[in-house]
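The next block holds one structure in the form of structure tokens; read it before the comments.
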Amino acid sequence: MPKHIKNRGGRPRVEDARYKEHVVSTRLNAVEHLRLEELKLRSEKSAAQVIRELITRGYVRERMRRAYLELMAQLKGIARNLNQLTRLANAVGFGAAIKQKLQPIVAEIENLLKQFRDDR
């Protein structure tokens with residue numbers, strides 16, 4: 001891919017490392033095609049993106065479900081409140097006492113976040 005020395009405006013050139021110059025064509029049977037279509041629907045990506053992700057990662061990540069997004073928003077609110085309470089307790093001088101009581105709550109929030117991430 002030739003490099004231009006003079007910038008004439010417009011979209012910047014794609015770096016050589018990111019430029020996709022190799023084309024792979026393949027045929028799929030009905031079962032393989034249905035599996036590809038399923039992966040496309042679940043991930044909301046194109047067939048080319050799904051295949052690239054399978055090659056690089058070995059799996060395709062699904063998009064976050066709406067229910068998960070709502071739960072994540074609730075968890076984010078809980079975490080904010082927890083952070084504010086911890087800051088207030090540290091400012092007043094109850095930091096060590098409050099930290100022991102809040103530790104199980106923080107561990108539970110981290111566990112839920114891990115489950116969401118792994119379930120995707």
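The chains in the structure tokens are called A, B, ... from first to last as shown; in each chain the residues are counted from 1, and the ligands are counted from 1 in the order shown.
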field: In range 29-102 of chain A, DSSP helix (DSSP H, G or I) residues written as number ranges by chain
entry: A: 30-43, 47-56, 66-92, 95-102
message: Report as a list in words all protein, DNA and RNA residues lying within 12 Å of range 50-54 of chain A, evaluated on only C-alpha atoms, omitting residues in the same chain fewer than 2 positions from it.
response: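 Listing them by chain and then by number gives Lys20, Val23, Val24, Ser25, Thr26, His33, Arg35, Leu36, Glu37, Glu38, Leu39, Lys40, Leu41, Arg42, Ser43, Glu44, Lys45, Ser46, Ala47, Ala48, Thr56, Arg57, Gly58, Tyr59, Val60, Arg61 and Glu62 of chain A.
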message: Can you pull out the residues contacting Ile78 in chain A? Cut-off 12 Å, using only C-alpha atoms, and skip same-chain residues under 3 positions away; I want them as an NGL selection string.
response: :A and (71-75 or 81-85 or 105-106 or 108-110)
Output file for the selection above: N, CA and C atoms, as a compact mmCIF listing (two decimals), in the first residue's frame:
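Output file out-v6.txt follows:
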# COMPACT_ATOMS: atom_id res chain seq x y z
N LEU A 71 -29.56 -4.34 35.20
CA LEU A 71 -28.94 -4.77 36.45
C LEU A 71 -27.59 -4.09 36.66
N MET A 72 -26.83 -3.91 35.58
CA MET A 72 -25.55 -3.23 35.70
C MET A 72 -25.76 -1.78 36.16
N ALA A 73 -26.81 -1.12 35.66
CA ALA A 73 -27.10 0.25 36.07
C ALA A 73 -27.44 0.30 37.56
N GLN A 74 -28.23 -0.67 38.03
CA GLN A 74 -28.56 -0.73 39.45
C GLN A 74 -27.32 -0.98 40.30
N LEU A 75 -26.48 -1.91 39.85
CA LEU A 75 -25.24 -2.18 40.58
C LEU A 75 -24.33 -0.96 40.63
N ASN A 81 -23.26 4.61 45.94
CA ASN A 81 -23.70 4.87 47.32
C ASN A 81 -22.72 4.28 48.31
N LEU A 82 -22.24 3.09 48.04
CA LEU A 82 -21.28 2.43 48.91
C LEU A 82 -19.99 3.23 49.00
N ASN A 83 -19.55 3.77 47.87
CA ASN A 83 -18.35 4.58 47.85
C ASN A 83 -18.54 5.86 48.67
N GLN A 84 -19.69 6.49 48.55
CA GLN A 84 -19.97 7.70 49.33
C GLN A 84 -19.99 7.41 50.82
N LEU A 85 -20.60 6.29 51.21
CA LEU A 85 -20.63 5.91 52.62
C LEU A 85 -19.22 5.64 53.15
N ILE A 105 -20.33 -6.97 51.23
CA ILE A 105 -21.16 -6.35 50.18
C ILE A 105 -20.32 -6.12 48.93
N VAL A 106 -19.11 -5.61 49.10
CA VAL A 106 -18.22 -5.38 47.97
C VAL A 106 -17.90 -6.71 47.28
N GLU A 108 -19.75 -9.38 47.17
CA GLU A 108 -20.95 -9.83 46.45
C GLU A 108 -21.14 -9.06 45.14
N ILE A 109 -20.89 -7.76 45.16
CA ILE A 109 -20.99 -6.96 43.93
C ILE A 109 -19.96 -7.44 42.91
N GLU A 110 -18.74 -7.68 43.35
CA GLU A 110 -17.71 -8.19 42.44
C GLU A 110 -18.09 -9.55 41.87
field: Interatomic distance (Å, one decimal) between CA of Lys101 in chain A and CA of Arg87 in chain A
entry: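 Computed distance, CA of Lys101 in chain A to CA of Arg87 in chain A, equals 14.2 Å.
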- request: Give the answer as one residue: which of A:Gly9, A:His22, A:Tyr68, A:Ala91 has the shortest atom-to-atom distance to Gln115 in chain A, using only C-alpha atoms?
  value: A:Tyr68
query: Separation of CA of Lys76 in chain A and CA of Lys114 in chain A, in Å?
result: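 CA of Lys114 in chain A lies at a distance of 13.9 Å from CA of Lys76 in chain A.
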